[in-house]
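Enquirer: Right, I'll just put the structure down here and ask away after.
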Amino acid sequence: MSIYPDLFLTFAKVGVMTFGGGYAMLPILQREVVDNRGWATEEELTDYFAIGQCTPGIIAVNTATFIGQKNKGNLGGIIATLGLVFPSLVIITLLAGVITTFSHLAWVSHAFGGIRVCVCVLILNAVVKLFKKAVIDKPTMVVFLAVLLGSFFTPVSPVVFVLAAAIAGILLKNLGVKK
């Protein structure tokens, strides 16, 4: 099979199976891109998530673009991105006119409540997997804790934390701190 249809269909599968936005897609992206297709390593995917988080747009869409571009250039990035957003576009278009009609029903409200809980679990699962790959020694634990505490207790932009963590990583590496 040509890589272009494979890129589109793989990312469309991720897009159609995911509810709850970009973060909920992360574990499915990991399974499809790393485990099933081998289009990226876990370390590369973690880097794509980090870059995707601090660039404009949805993290999963940005990640799809990075992976498609890595594997098949700019056209691959476009096709992977279109594959990821296509299912949502179709589903939202179909539901847009219907959802307001049924949103007042109790079972619809309860269904959305259940979906929100499920999405939280999917996001937590992605965080645990990312944590295991990213926090590998004492220096990375210090960076993790500093960013975690800083994000809880200050109104600083996530971009500042990403840049500070990048600088910390460079400094730690140049100062001879071993992984």
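Convention: chains lettered A, B, ... in structure tokens order; per-chain residue numbering from 1; ligands numbered from 1 as shown.
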Can you build me a table of range 76-121 of chain A residues sitting at most 6 Å from range 53-65 of chain A, with the closest atom pair per residue and its distance in Å to one decimal, using only C-alpha atoms, sorted by chain and residue number, as a tab-separated table?

Expert:
residue	atom	partner	partner_atom	distance
A:Gly77	CA	A:Thr65	CA	4.2
A:Ala80	CA	A:Ala64	CA	5.5
A:Thr81	CA	A:Thr65	CA	5.3

Enquirer: Quick one: everything within 8 Å of range 113-123 of chain A, counting only C-alpha atoms, minus sequence neighbours fewer than 2 positions away in the same chain. Send it as a CSV table (one decimal) with all heavy atoms, in the first residue's frame.

Expert:
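Final output, out_33.csv:
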chain,number,residue,atom,x,y,z
A,19,PHE,N,-12.4,10.5,21.4
A,19,PHE,CA,-13.3,11.5,21.9
A,19,PHE,C,-12.6,12.3,23.0
A,19,PHE,O,-11.9,11.7,23.8
A,19,PHE,CB,-14.6,10.9,22.5
A,19,PHE,CG,-15.4,10.2,21.5
A,19,PHE,CD1,-15.1,8.8,21.2
A,19,PHE,CD2,-16.4,10.8,20.8
A,19,PHE,CE1,-15.9,8.2,20.2
A,19,PHE,CE2,-17.1,10.2,19.8
A,19,PHE,CZ,-16.9,8.9,19.5
A,20,GLY,N,-12.8,13.6,23.0
A,20,GLY,CA,-12.2,14.4,24.1
A,20,GLY,C,-11.1,15.3,23.7
A,20,GLY,O,-10.5,16.0,24.5
A,23,TYR,N,-5.5,15.6,23.7
A,23,TYR,CA,-4.9,14.8,24.8
A,23,TYR,C,-5.4,13.4,24.8
A,23,TYR,O,-4.6,12.5,25.1
A,23,TYR,CB,-5.0,15.5,26.1
A,23,TYR,CG,-4.2,16.7,26.3
A,23,TYR,CD1,-4.8,18.0,26.4
A,23,TYR,CD2,-2.8,16.7,26.4
A,23,TYR,CE1,-4.1,19.1,26.5
A,23,TYR,CE2,-2.1,17.8,26.5
A,23,TYR,CZ,-2.7,19.0,26.6
A,23,TYR,OH,-2.0,20.2,26.7
A,24,ALA,N,-6.7,13.2,24.5
A,24,ALA,CA,-7.2,11.9,24.5
A,24,ALA,C,-6.7,11.1,23.4
A,24,ALA,O,-6.7,9.8,23.5
A,24,ALA,CB,-8.8,12.0,24.5
A,26,LEU,N,-3.6,11.0,22.5
A,26,LEU,CA,-2.2,10.6,22.7
A,26,LEU,C,-1.9,9.1,22.8
A,26,LEU,O,-1.0,8.6,22.2
A,26,LEU,CB,-1.6,11.4,23.9
A,26,LEU,CG,-1.6,12.9,23.7
A,26,LEU,CD1,-0.9,13.6,24.9
A,26,LEU,CD2,-1.0,13.4,22.4
A,27,PRO,N,-2.7,8.4,23.7
A,27,PRO,CA,-2.4,6.9,23.8
A,27,PRO,C,-2.6,6.2,22.5
A,27,PRO,O,-1.9,5.2,22.1
A,27,PRO,CB,-3.3,6.5,24.9
A,27,PRO,CG,-4.2,7.6,25.3
A,27,PRO,CD,-3.7,8.8,24.6
A,109,SER,N,-27.1,14.0,28.8
A,109,SER,CA,-26.2,14.7,29.8
A,109,SER,C,-25.4,13.6,30.5
A,109,SER,O,-24.2,13.8,30.7
A,109,SER,CB,-27.1,15.4,30.7
A,109,SER,OG,-26.3,16.0,31.8
A,110,HIS,N,-26.0,12.5,30.9
A,110,HIS,CA,-25.2,11.5,31.6
A,110,HIS,C,-24.2,10.8,30.7
A,110,HIS,O,-23.1,10.5,31.2
A,110,HIS,CB,-26.2,10.4,32.2
A,110,HIS,CG,-27.1,10.9,33.2
A,110,HIS,ND1,-26.7,11.7,34.3
A,110,HIS,CD2,-28.5,10.8,33.3
A,110,HIS,CE1,-27.8,12.0,35.0
A,110,HIS,NE2,-28.8,11.5,34.4
A,111,ALA,N,-24.5,10.6,29.5
A,111,ALA,CA,-23.6,10.1,28.5
A,111,ALA,C,-22.3,11.0,28.4
A,111,ALA,O,-21.2,10.5,28.4
A,111,ALA,CB,-24.2,9.9,27.1
A,125,ASN,N,-3.5,8.1,31.4
A,125,ASN,CA,-2.7,7.0,30.8
A,125,ASN,C,-1.5,7.6,30.0
A,125,ASN,O,-0.4,7.1,30.0
A,125,ASN,CB,-3.6,6.1,30.0
A,125,ASN,CG,-2.8,4.9,29.5
A,125,ASN,OD1,-2.0,4.4,30.1
A,125,ASN,ND2,-3.2,4.5,28.3
A,126,ALA,N,-1.8,8.6,29.1
A,126,ALA,CA,-0.8,9.2,28.3
A,126,ALA,C,0.2,9.9,29.1
A,126,ALA,O,1.4,9.8,28.8
A,126,ALA,CB,-1.5,10.2,27.3
A,127,VAL,N,-0.2,10.6,30.2
A,127,VAL,CA,0.8,11.2,31.1
A,127,VAL,C,1.7,10.2,31.8
A,127,VAL,O,2.9,10.5,31.8
A,127,VAL,CB,0.0,12.1,32.1
A,127,VAL,CG1,0.9,12.6,33.2
A,127,VAL,CG2,-0.7,13.3,31.5

Enquirer: Skipping near chain neighbours, those fewer than 4 positions away, what residues fall within 9 Å of range 139-149 of chain A using only C-alpha atoms, listed as a ChimeraX atom specification?

Expert: /A:131,134-135,153-154,161-162,164-165,168-169,172,177-179

Enquirer: Need the shell around Val85 in chain A: protein/DNA/RNA residues with any atom at most 9 Å away, counting only C-alpha atoms. Skip same-chain ones fewer than 3 positions apart. Format as a count of residues only?

Expert: 11

Enquirer: Please compute the CA of Ile167 in chain A-CA of Asp47 in chain A distance, one decimal, in Å.

Expert: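 Pair CA of Ile167 in chain A / CA of Asp47 in chain A returns 14.9 Å.
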